[in-house]
>>> print(open('data_27.cif').read())   # mmCIF, C-alpha atoms
data_target
#
loop_
_atom_site.label_atom_id
_atom_site.label_comp_id
_atom_site.auth_asym_id
_atom_site.auth_seq_id
_atom_site.Cartn_x
_atom_site.Cartn_y
_atom_site.Cartn_z
CA MET A 20 -11.63 7.92 -141.50
CA ILE A 21 -12.08 6.97 -145.14
CA PRO A 22 -12.21 9.62 -147.87
CA PRO A 23 -14.97 9.58 -150.49
CA PRO A 24 -14.09 7.73 -153.70
CA PHE A 25 -12.35 9.59 -156.51
CA ALA A 26 -10.65 8.83 -159.81
CA TYR A 27 -6.89 9.29 -159.77
CA HIS A 28 -4.43 10.48 -162.40
CA LEU A 29 -0.69 10.72 -161.89
CA ALA A 30 0.47 13.70 -163.93
CA THR A 31 3.64 13.37 -166.01
CA SER A 32 4.01 17.08 -166.87
CA VAL A 33 2.37 20.44 -166.17
CA GLU A 34 0.58 20.20 -169.50
CA ASP A 35 -0.61 16.67 -168.76
CA ALA A 36 -1.84 17.84 -165.34
CA THR A 37 -3.88 20.78 -166.64
CA GLN A 38 -5.39 18.69 -169.44
CA ALA A 39 -6.30 15.89 -167.05
CA LEU A 40 -7.85 18.30 -164.57
CA GLY A 41 -9.91 19.89 -167.32
CA SER A 42 -11.47 16.52 -168.10
CA GLY A 43 -12.62 16.09 -164.50
CA GLY A 44 -15.08 18.96 -164.25
CA GLU A 45 -14.78 22.04 -162.06
CA ASP A 46 -14.65 20.09 -158.79
CA ALA A 47 -11.55 18.12 -159.78
CA LYS A 48 -8.49 18.97 -157.68
CA TYR A 49 -4.73 18.90 -157.88
CA LEU A 50 -3.02 16.81 -155.22
CA ALA A 51 0.43 18.11 -154.22
CA GLY A 52 1.70 17.25 -150.72
CA GLY A 53 -1.84 16.64 -149.56
CA MET A 54 -1.32 18.05 -146.08
CA SER A 55 -4.43 20.22 -146.35
CA LEU A 56 -6.41 18.37 -149.01
CA ILE A 57 -6.24 14.86 -147.54
CA PRO A 58 -7.56 15.91 -144.09
CA VAL A 59 -10.34 17.81 -145.88
CA LEU A 60 -11.24 14.67 -147.87
CA LYS A 61 -11.11 12.50 -144.75
CA MET A 62 -13.57 14.80 -143.02
CA ARG A 63 -15.65 14.69 -146.22
CA LEU A 64 -15.78 18.47 -146.47
CA SER A 65 -15.09 18.02 -150.18
CA ALA A 66 -15.68 15.20 -152.65
CA PRO A 67 -13.79 15.87 -155.89
CA PRO A 68 -14.57 13.33 -158.65
CA LEU A 69 -10.93 13.37 -159.78
CA LEU A 70 -7.57 14.00 -158.13
CA VAL A 71 -4.65 14.85 -160.40
CA ASP A 72 -1.50 13.96 -158.48
CA ILE A 73 1.29 16.40 -159.34
CA GLY A 74 3.66 14.90 -156.76
CA ALA A 75 5.89 13.32 -159.39
CA LEU A 76 6.70 16.65 -161.09
CA ARG A 77 9.93 16.99 -159.15
CA ASP A 78 11.33 19.54 -161.61
CA LEU A 79 8.94 21.98 -159.91
CA SER A 80 11.07 21.73 -156.75
CA TYR A 81 13.91 24.26 -156.79
CA VAL A 82 15.28 27.52 -155.41
CA ARG A 83 17.04 29.91 -157.81
CA VAL A 84 18.25 33.46 -157.47
CA ASP A 85 17.82 35.54 -160.60
CA GLY A 86 19.14 39.08 -160.06
CA ASP A 87 16.95 40.57 -157.33
CA VAL A 88 14.34 37.80 -157.53
CA VAL A 89 14.22 34.50 -155.63
CA ARG A 90 12.34 31.90 -157.66
CA VAL A 91 10.95 28.98 -155.69
CA GLY A 92 9.33 26.03 -157.47
CA ALA A 93 5.73 25.38 -156.42
CA LEU A 94 6.44 21.79 -155.34
CA THR A 95 9.32 22.75 -153.06
CA ARG A 96 8.57 21.15 -149.72
CA HIS A 97 8.62 22.94 -146.36
CA SER A 98 11.60 20.86 -145.20
CA ASP A 99 13.56 21.88 -148.32
CA ILE A 100 12.63 25.56 -147.91
CA MET A 101 13.68 25.38 -144.25
CA ALA A 102 17.09 23.86 -145.00
CA ASN A 103 17.92 25.56 -148.30
CA PRO A 104 21.18 27.56 -147.98
CA THR A 105 20.28 29.91 -150.87
CA LEU A 106 17.04 30.94 -149.17
CA ARG A 107 18.84 31.31 -145.85
CA GLU A 108 21.11 33.82 -147.57
CA TYR A 109 18.72 35.65 -149.91
CA LEU A 110 15.32 35.39 -148.20
CA PRO A 111 15.84 34.26 -144.59
CA LEU A 112 12.29 35.29 -143.62
CA LEU A 113 10.98 32.40 -145.74
CA SER A 114 13.42 29.95 -144.11
CA ASP A 115 12.25 31.07 -140.66
CA VAL A 116 8.60 30.73 -141.61
CA ALA A 117 9.13 27.21 -143.02
CA TYR A 118 10.77 26.19 -139.72
CA GLU A 119 7.49 27.05 -137.97
CA VAL A 120 5.12 25.32 -140.42
CA GLY A 121 3.29 22.23 -139.13
CA ASP A 122 5.59 19.52 -137.80
CA ALA A 123 8.45 17.43 -139.20
CA GLN A 124 6.19 14.92 -140.94
CA VAL A 125 4.05 17.68 -142.46
CA ARG A 126 7.16 19.61 -143.55
CA ALA A 127 8.39 16.48 -145.34
CA ARG A 128 5.28 16.43 -147.58
CA GLY A 129 3.64 19.86 -147.77
CA THR A 130 4.56 22.28 -150.56
CA LEU A 131 4.77 26.03 -151.11
CA GLY A 132 2.30 25.97 -154.01
CA GLY A 133 -0.12 23.81 -152.08
CA VAL A 134 -0.28 26.30 -149.21
CA LEU A 135 -0.91 29.22 -151.58
CA ALA A 136 -3.57 27.36 -153.60
CA HIS A 137 -5.35 26.30 -150.41
CA ALA A 138 -5.28 30.01 -149.42
CA ASP A 139 -6.14 29.52 -145.78
CA SER A 140 -5.46 32.87 -144.09
CA ALA A 141 -3.65 30.80 -141.44
CA GLY A 142 -1.28 29.46 -144.12
CA ASP A 143 2.01 31.09 -143.15
CA TYR A 144 3.43 31.38 -146.69
CA CYS A 145 0.37 33.35 -147.80
CA THR A 146 1.46 36.06 -145.35
CA VAL A 147 4.99 36.14 -146.75
CA ALA A 148 3.76 36.20 -150.35
CA LEU A 149 1.38 39.09 -149.67
CA MET A 150 3.67 41.24 -147.52
CA LEU A 151 6.60 40.89 -149.95
CA ASP A 152 4.49 41.48 -153.09
CA ALA A 153 5.43 38.09 -154.51
CA GLN A 154 4.48 37.10 -158.05
CA ILE A 155 2.66 33.79 -158.40
CA VAL A 156 3.44 32.07 -161.69
CA THR A 157 0.88 29.60 -162.99
CA SER A 158 0.47 27.29 -165.97
CA SER A 159 -1.00 30.23 -167.91
CA ARG A 160 0.05 33.61 -166.39
CA THR A 161 1.66 35.53 -163.56
CA ILE A 162 -0.51 36.91 -160.74
CA ALA A 163 0.53 39.52 -158.15
CA ALA A 164 -0.03 38.23 -154.61
CA ALA A 165 -2.26 41.26 -153.89
CA ASP A 166 -4.62 40.06 -156.65
CA PHE A 167 -4.24 36.36 -155.89
CA PHE A 168 -5.98 36.09 -152.50
CA GLN A 169 -9.60 37.03 -153.13
CA GLY A 170 -11.71 35.76 -150.26
CA PHE A 171 -12.11 33.03 -147.67
CA MET A 172 -9.99 30.19 -149.10
CA THR A 173 -10.57 31.66 -152.55
CA THR A 174 -7.92 32.59 -155.09
CA ALA A 175 -7.74 34.05 -158.57
CA LEU A 176 -6.85 30.59 -159.96
CA ALA A 177 -9.09 29.12 -162.66
CA PRO A 178 -10.15 25.54 -161.86
CA ASP A 179 -7.47 23.97 -164.08
CA GLU A 180 -4.77 26.59 -163.43
CA LEU A 181 -1.69 25.21 -161.70
CA ILE A 182 0.85 27.20 -159.68
CA THR A 183 4.34 26.42 -160.97
CA GLU A 184 6.57 28.99 -159.27
CA VAL A 185 6.59 31.81 -156.74
CA ARG A 186 8.84 34.82 -157.27
CA PHE A 187 9.87 36.69 -154.15
CA PRO A 188 12.09 39.77 -153.99
CA VAL A 189 15.55 39.21 -152.50
CA MET A 190 15.28 40.51 -148.91
CA THR A 191 18.27 40.19 -146.63
CA GLU A 192 17.66 42.87 -144.01
CA GLY A 193 16.12 42.55 -140.55
CA HIS A 194 13.10 40.26 -140.38
CA GLU A 195 10.98 38.45 -137.85
CA TYR A 196 8.09 35.98 -137.87
CA VAL A 197 6.20 35.52 -134.63
CA LYS A 198 3.70 32.68 -134.59
CA PHE A 199 1.48 32.43 -131.54
CA ARG A 200 -0.16 29.07 -130.82
CA ARG A 201 -0.77 26.79 -127.89
CA ARG A 202 0.99 23.73 -129.28
CA ARG A 203 3.99 24.13 -131.51
CA SER A 204 2.55 22.12 -134.41
CA ASP A 205 -0.74 24.06 -134.38
CA TRP A 206 -1.85 26.69 -136.85
CA ALA A 207 -1.19 30.25 -135.75
CA ILE A 208 -3.87 31.81 -133.56
CA ILE A 209 -2.19 34.95 -134.87
CA GLY A 210 1.09 35.28 -136.75
CA VAL A 211 2.97 38.47 -137.59
CA GLY A 212 5.73 38.87 -140.14
CA VAL A 213 7.98 41.92 -140.35
CA GLN A 214 10.61 42.59 -143.01
CA ARG A 215 12.85 45.63 -143.24
CA ASP A 216 13.07 46.78 -146.88
CA ARG A 217 15.66 49.60 -147.25
CA ASP A 218 14.01 52.70 -145.73
CA ARG A 219 10.68 51.04 -144.90
CA TYR A 220 9.11 48.06 -143.18
CA ARG A 221 6.68 45.49 -144.50
CA ILE A 222 4.17 43.87 -142.13
CA GLY A 223 2.03 40.78 -142.78
CA LEU A 224 -0.63 39.09 -140.65
CA THR A 225 -1.47 35.38 -140.45
CA ASN A 226 -4.99 34.23 -139.52
CA ALA A 227 -6.14 37.80 -138.89
CA GLY A 228 -9.29 37.62 -141.00
CA ALA A 229 -11.10 35.67 -143.69
CA VAL A 230 -8.30 36.50 -146.12
CA VAL A 231 -4.59 36.82 -145.45
CA SER A 232 -3.82 40.47 -144.75
CA ARG A 233 -1.11 43.06 -144.57
CA GLY A 234 -0.43 45.62 -141.85
CA LEU A 235 -0.46 48.57 -144.26
CA ALA A 236 -1.72 50.99 -141.59
CA GLY A 237 1.33 50.20 -139.49
CA GLU A 238 3.68 50.43 -142.46
CA GLU A 239 2.33 53.95 -143.09
CA VAL A 240 2.74 55.00 -139.46
CA LEU A 241 6.37 53.93 -139.54
CA ALA A 242 6.96 55.64 -142.90
CA ALA A 243 5.60 58.87 -141.39
CA GLY A 244 8.06 58.62 -138.51
CA GLY A 245 5.73 57.05 -135.93
CA SER A 246 6.95 54.65 -133.24
CA ALA A 247 6.79 50.86 -133.36
CA ARG A 248 4.16 50.97 -130.62
CA GLU A 249 1.99 53.40 -132.61
CA ALA A 250 2.42 51.25 -135.70
CA ALA A 251 1.38 48.11 -133.82
CA ARG A 252 -1.71 49.90 -132.52
CA ALA A 253 -2.60 51.01 -136.06
CA VAL A 254 -2.21 47.46 -137.39
CA ALA A 255 -4.49 46.07 -134.68
CA ASP A 256 -7.09 48.83 -135.15
CA ALA A 257 -7.30 48.14 -138.89
CA ALA A 258 -7.36 44.35 -138.57
CA THR A 259 -10.60 42.39 -138.87
CA PRO A 260 -9.89 39.01 -137.29
CA LEU A 261 -12.63 36.40 -137.02
CA ALA A 262 -13.59 34.64 -133.82
CA ASP A 263 -12.79 30.94 -133.89
CA LEU A 264 -12.39 28.08 -131.46
CA PRO A 265 -9.07 29.17 -129.90
CA ALA A 266 -9.74 32.90 -129.65
CA GLU A 267 -12.29 35.72 -129.71
CA VAL A 268 -11.96 38.89 -131.77
CA GLU A 269 -10.75 41.17 -128.95
CA TYR A 270 -8.16 38.62 -127.87
CA LYS A 271 -6.87 38.36 -131.43
CA LYS A 272 -6.70 42.14 -131.84
CA SER A 273 -4.75 42.35 -128.61
CA LEU A 274 -2.43 39.61 -129.88
CA ILE A 275 -1.94 41.42 -133.19
CA GLU A 276 -0.87 44.58 -131.35
CA THR A 277 1.44 42.77 -128.95
CA LEU A 278 3.08 40.51 -131.54
CA THR A 279 3.50 43.34 -134.07
CA SER A 280 5.12 45.46 -131.40
CA GLN A 281 7.47 42.60 -130.43
CA ALA A 282 8.37 41.79 -134.04
CA LEU A 283 9.08 45.44 -134.87
CA ALA A 284 11.22 45.77 -131.74
CA LYS A 285 13.28 42.74 -132.78
CA VAL A 286 14.09 44.23 -136.16
CA GLY A 287 14.92 47.58 -134.54
CA ALA A 288 12.01 49.64 -135.90
CA MET B 42 -6.20 13.22 -172.94
CA ASN B 43 -8.22 10.32 -171.71
CA VAL B 44 -8.59 10.22 -167.95
CA ARG B 45 -10.85 7.51 -166.65
CA LEU B 46 -13.39 9.11 -164.38
CA ASP B 47 -14.74 5.92 -162.87
CA ASP B 48 -13.93 6.49 -159.21
CA SER B 49 -14.36 2.84 -158.30
CA THR B 50 -11.52 1.81 -160.59
CA ALA B 51 -8.93 -0.03 -158.59
CA VAL B 52 -5.31 0.62 -159.43
CA SER B 53 -2.26 -1.58 -159.05
CA VAL B 54 0.47 -0.36 -156.72
CA SER B 55 3.93 -1.78 -156.03
CA ILE B 56 5.45 -0.51 -152.81
CA GLU B 57 8.73 -1.71 -151.31
CA ILE B 58 7.90 -2.29 -147.67
CA ASN B 59 10.78 -3.07 -145.32
CA GLY B 60 12.82 -4.26 -148.28
CA VAL B 61 10.18 -6.43 -149.95
CA VAL B 62 8.20 -5.23 -152.97
CA ARG B 63 4.49 -5.79 -152.42
CA THR B 64 2.04 -5.45 -155.29
CA GLU B 65 -1.64 -4.98 -154.55
CA THR B 66 -4.77 -3.66 -156.24
CA VAL B 67 -6.31 -0.79 -154.29
CA GLU B 68 -8.90 1.92 -154.57
CA PRO B 69 -7.19 5.30 -155.07
CA ARG B 70 -8.75 6.52 -151.81
CA MET B 71 -7.04 3.86 -149.69
CA LEU B 72 -4.76 5.54 -147.15
CA LEU B 73 -1.26 4.13 -146.72
CA VAL B 74 -1.93 3.35 -143.05
CA HIS B 75 -4.92 1.18 -144.03
CA PHE B 76 -2.81 -0.50 -146.71
CA LEU B 77 -0.16 -1.34 -144.12
CA ARG B 78 -2.53 -2.53 -141.42
CA ASP B 79 -5.35 -4.14 -143.39
CA ARG B 80 -3.57 -5.44 -146.49
CA MET B 81 -0.08 -6.15 -145.14
CA GLY B 82 -1.18 -7.12 -141.62
CA MET B 83 1.47 -4.79 -140.24
CA THR B 84 -0.35 -3.47 -137.21
CA GLY B 85 2.72 -1.91 -135.59
CA THR B 86 1.79 1.33 -137.36
CA HIS B 87 -1.01 2.75 -135.23
CA ILE B 88 -3.98 4.98 -135.99
CA GLY B 89 -4.30 7.55 -133.23
CA CYS B 90 -6.10 10.79 -134.02
CA ASP B 91 -6.97 10.12 -137.67
CA THR B 92 -6.70 13.90 -138.19
CA SER B 93 -2.98 14.23 -139.05
CA GLN B 94 -1.97 15.50 -135.65
CA CYS B 95 -0.76 12.74 -133.34
CA GLY B 96 1.99 10.99 -135.33
CA ALA B 97 1.14 7.47 -134.11
CA CYS B 98 1.01 6.39 -137.77
CA THR B 99 4.51 7.71 -138.61
CA VAL B 100 6.47 5.62 -141.14
CA TRP B 101 9.32 6.49 -143.50
CA LEU B 102 8.69 7.22 -147.16
CA ASP B 103 12.04 7.00 -148.96
CA GLY B 104 13.69 7.46 -145.58
CA GLU B 105 11.75 10.52 -144.40
CA ALA B 106 9.23 10.40 -141.55
CA ILE B 107 5.68 11.04 -142.76
CA LYS B 108 2.19 10.43 -141.41
CA SER B 109 0.78 7.36 -143.16
CA CYS B 110 -2.79 8.50 -142.39
CA SER B 111 -2.23 11.53 -144.63
CA ILE B 112 -1.02 9.93 -147.84
CA PHE B 113 -2.78 7.61 -150.24
CA ALA B 114 -1.22 4.23 -150.98
CA VAL B 115 -1.14 5.20 -154.68
CA GLN B 116 1.19 8.09 -153.80
CA ALA B 117 3.66 5.55 -152.42
CA ASP B 118 3.58 3.50 -155.65
CA GLY B 119 7.16 2.85 -156.74
CA HIS B 120 8.57 4.18 -153.45
CA LYS B 121 10.13 2.64 -150.34
CA VAL B 122 8.23 2.50 -147.08
CA THR B 123 9.77 1.50 -143.76
CA THR B 124 7.59 0.64 -140.77
CA ILE B 125 8.40 -0.14 -137.15
CA GLU B 126 8.46 -3.84 -138.13
CA GLY B 127 11.47 -3.05 -140.34
CA LEU B 128 13.72 -1.66 -137.60
CA ALA B 129 14.87 -4.64 -135.53
CA SER B 130 17.34 -7.18 -136.93
CA GLY B 131 15.79 -10.49 -136.02
CA GLN B 132 15.63 -10.63 -132.22
CA THR B 133 18.01 -7.68 -131.81
CA LEU B 134 16.21 -4.42 -131.17
CA HIS B 135 17.23 -1.28 -133.03
CA PRO B 136 19.30 0.96 -130.70
CA MET B 137 16.39 3.43 -130.51
CA GLN B 138 13.94 0.67 -129.53
CA GLU B 139 16.45 -0.44 -126.90
CA ALA B 140 16.78 3.14 -125.64
CA PHE B 141 12.99 3.55 -125.28
CA HIS B 142 12.96 0.30 -123.30
CA GLU B 143 15.89 1.29 -121.07
CA GLU B 144 14.61 4.81 -120.33
CA HIS B 145 11.01 3.70 -119.75
CA ALA B 146 9.95 6.12 -122.50
CA LEU B 147 6.44 4.73 -122.69
CA GLN B 148 3.50 3.86 -120.54
CA CYS B 149 0.59 2.64 -122.65
CA GLY B 150 2.89 2.36 -125.68
CA TYR B 151 0.36 3.47 -128.26
CA CYS B 152 2.45 6.40 -129.54
CA THR B 153 5.76 4.53 -129.31
CA PRO B 154 6.16 3.16 -132.86
CA GLY B 155 5.53 6.64 -134.26
CA PHE B 156 7.94 8.25 -131.82
CA ILE B 157 10.66 5.76 -132.67
CA MET B 158 10.23 6.24 -136.42
CA SER B 159 10.33 10.04 -135.99
CA SER B 160 13.32 9.87 -133.67
CA VAL B 161 15.53 7.82 -135.96
CA SER B 162 14.56 10.01 -138.93
CA LEU B 163 15.42 13.12 -136.88
CA LEU B 164 18.87 11.74 -136.06
CA ARG B 165 19.71 11.36 -139.74
CA HIS B 166 19.37 15.15 -140.03
CA HIS B 167 20.83 15.91 -136.59
CA PRO B 168 23.22 13.13 -135.46
CA GLU B 169 24.06 15.16 -132.34
CA PRO B 170 20.72 16.82 -131.64
CA THR B 171 20.34 19.84 -129.38
CA ASP B 172 17.28 20.09 -127.13
CA GLU B 173 15.78 22.47 -129.69
CA ASP B 174 16.43 19.94 -132.50
CA LEU B 175 14.62 17.27 -130.47
CA ARG B 176 11.64 19.40 -129.52
CA HIS B 177 11.30 20.85 -133.03
CA GLY B 178 11.79 17.47 -134.71
CA LEU B 179 9.34 15.59 -132.49
CA GLU B 180 6.56 18.17 -132.36
CA GLY B 181 4.49 16.02 -134.73
CA ASN B 182 4.20 13.17 -132.23
CA ILE B 183 1.88 13.36 -129.26
CA CYS B 184 2.12 11.25 -126.09
CA ARG B 185 -0.65 11.49 -123.51
CA CYS B 186 1.07 9.39 -120.82
CA THR B 187 4.70 10.18 -120.24
CA GLY B 188 4.97 13.95 -120.19
CA TYR B 189 7.78 13.52 -122.76
CA VAL B 190 10.68 13.70 -120.28
CA ASN B 191 11.65 10.05 -120.64
CA ILE B 192 11.07 10.15 -124.38
CA LEU B 193 13.65 12.93 -124.71
CA LYS B 194 16.04 10.96 -122.49
CA ALA B 195 15.54 7.90 -124.69
CA VAL B 196 16.18 9.76 -127.92
CA ARG B 197 19.41 11.24 -126.48
CA ARG B 198 20.45 7.73 -125.38
CA GLY B 199 19.51 6.30 -128.77
CA ALA B 200 21.48 9.04 -130.54
CA LYS B 201 24.56 8.16 -128.52
CA ALA B 202 24.13 4.42 -129.15
CA ILE B 203 23.68 4.94 -132.89
CA ALA B 204 26.72 7.24 -133.06
CA GLU B 205 28.84 4.68 -131.16
CA ALA B 206 27.63 1.83 -133.37
CA GLU B 207 28.55 3.83 -136.47
CA HIS B 208 31.91 4.74 -134.96
CA ASP B 209 32.63 1.09 -134.16
CA SER B 210 31.66 -0.09 -137.62
CA GLY B 211 33.89 2.66 -139.02
CA ASP B 212 36.80 1.33 -136.92
CA LEU B 213 36.30 -2.15 -138.37
CA GLN B 214 36.54 -0.80 -141.89
#
>>> encode(input="data_27.cif", output="structure tokens")
Amino acid sequence: MIPPPFAYHLATSVEDATQALGSGGEDAKYLAGGMSLIPVLKMRLSAPPLLVDIGALRDLSYVRVDGDVVRVGALTRHSDIMANPTLREYLPLLSDVAYEVGDAQVRARGTLGGVLAHADSAGDYCTVALMLDAQIVTSSRTIAAADFFQGFMTTALAPDELITEVRFPVMTEGHEYVKFRRRRSDWAIIGVGVQRDRDRYRIGLTNAGAVVSRGLAGEEVLAAGGSAREAARAVADAATPLADLPAEVEYKKSLIETLTSQALAKVGA
Amino acid sequence: MNVRLDDSTAVSVSIEINGVVRTETVEPRMLLVHFLRDRMGMTGTHIGCDTSQCGACTVWLDGEAIKSCSIFAVQADGHKVTTIEGLASGQTLHPMQEAFHEEHALQCGYCTPGFIMSSVSLLRHHPEPTDEDLRHGLEGNICRCTGYVNILKAVRRGAKAIAEAEHDSGDLQ
């Protein structure tokens, strides 16, 4: 498979990248790890006239704890997130999720910012960002995760806007990420994330609709003193998964209920 | 800012492949696997699925296993690439190649170069791998013949051989 032709620019800084992208028209794209974009180009689902390669901006790869915030650079790779001792201590849910992303070769290339910008509702980090109310820092502003994901693979990003950092809250209590798929390197048919946050629980859903979603109905049931099983039922009832090749809607709703129930049980809800 | 938007513009890349710097002019859209096979004549790196799933095209970029069908040659400019051709020393097989041979870890052999590149890369992170390390680390390589049992045996054997070789060389120093 051979991608369509494109012009190529290797960015030397964030400013250089945004300026270069602006000169390429609205279809120009940033190239980070390329683990989503390159397959898309090979299948010719997209034909950007210009790719701005941000892969050399290695100063956008870092993990820092700042008070009660964990700041992760947008170009931090899955393999680095998975192995980072700071994340393991301050946000172990993210470490666990990275362990389940793609496969070893994909984890060696793919980046946190790339997953969020691609905004596939099956992108595991999108779930974590949404359920933890992460802040997405870009070349021009900061966007709350709840405002960032706007539709099917659609974000609040302007065409030339570049994600530089993601700010997560420090979360060290009970957590679980259950990713259901037939082969281990596959996308989730359904994924469920649960994070205990002091006196409440946060629930996120992967691939449970056109846009990444949160199990707010279940969070409310638990806050009102309901059982984990009742919460799981509420999450499934409120979810609007789409039928796709691996699974139909009813099957996915059943999975959402079962996996949410299992994840909540593991964190002791 | 002056970005040239002519998408047919070829660019010059210099990539160190198995220890030798190779400079070529390529279209930006050329995938690394095509660069290796069609420009370098290194056909040990295979194209299997072409959709980033099977791992037959696995090579090392700066020592880490990656899928060469999912990276452009321009992204490897200035970096080091190691292919299956770079593993053996002359006529002496790499211990992992030897282990795949000894354990009959292949039938048709199409996936084998990718598996070997992934396996050696995995061992750098996990010199004494658990079964979970092996299954997690090799999930990006697909074999349709063996059922994986002999592959896992081979990687365990290779891990032992590499550890012993490093131990021996340590003794000599």
>>> residues_around(input="data_27.cif", residues="Gly188 (chain B)", least_positions_apart="4", cutoff="12 Å", atoms="all atoms listed in the file", output="PyMOL selection string")
chain B and resi 145-148+183-184+192-194
>>> interface_residues(input="data_27.cif", of="chain A", to="chain B", cutoff="7 Å", atoms="all atoms listed in the file", output="number ranges by chain")
A: 20, 22, 24-28, 38-39, 42, 53-54, 57-58, 68-69, 122-125, 127, 203-204
>>> closest_residue(input="data_27.cif", among="B:Arg165, B:Arg198, B:His120, B:His87", to="Glu144 (chain B)", atoms="only C-alpha atoms")
B:Arg198
>>> atom_distance(input="data_27.cif", atom1="CA of Leu224 (chain A)", atom2="CA of Ala165 (chain A)")
13.5 Å
>>> closest_residue(input="data_27.cif", among="A:Arg201, A:Arg217, A:Lys48, A:Arg107", to="His137 (chain A)", atoms="all atoms listed in the file")
A:Lys48
>>> atom_distance(input="data_27.cif", atom1="CA of Glu267 (chain A)", atom2="CA of Arg63 (chain A)")
26.9 Å
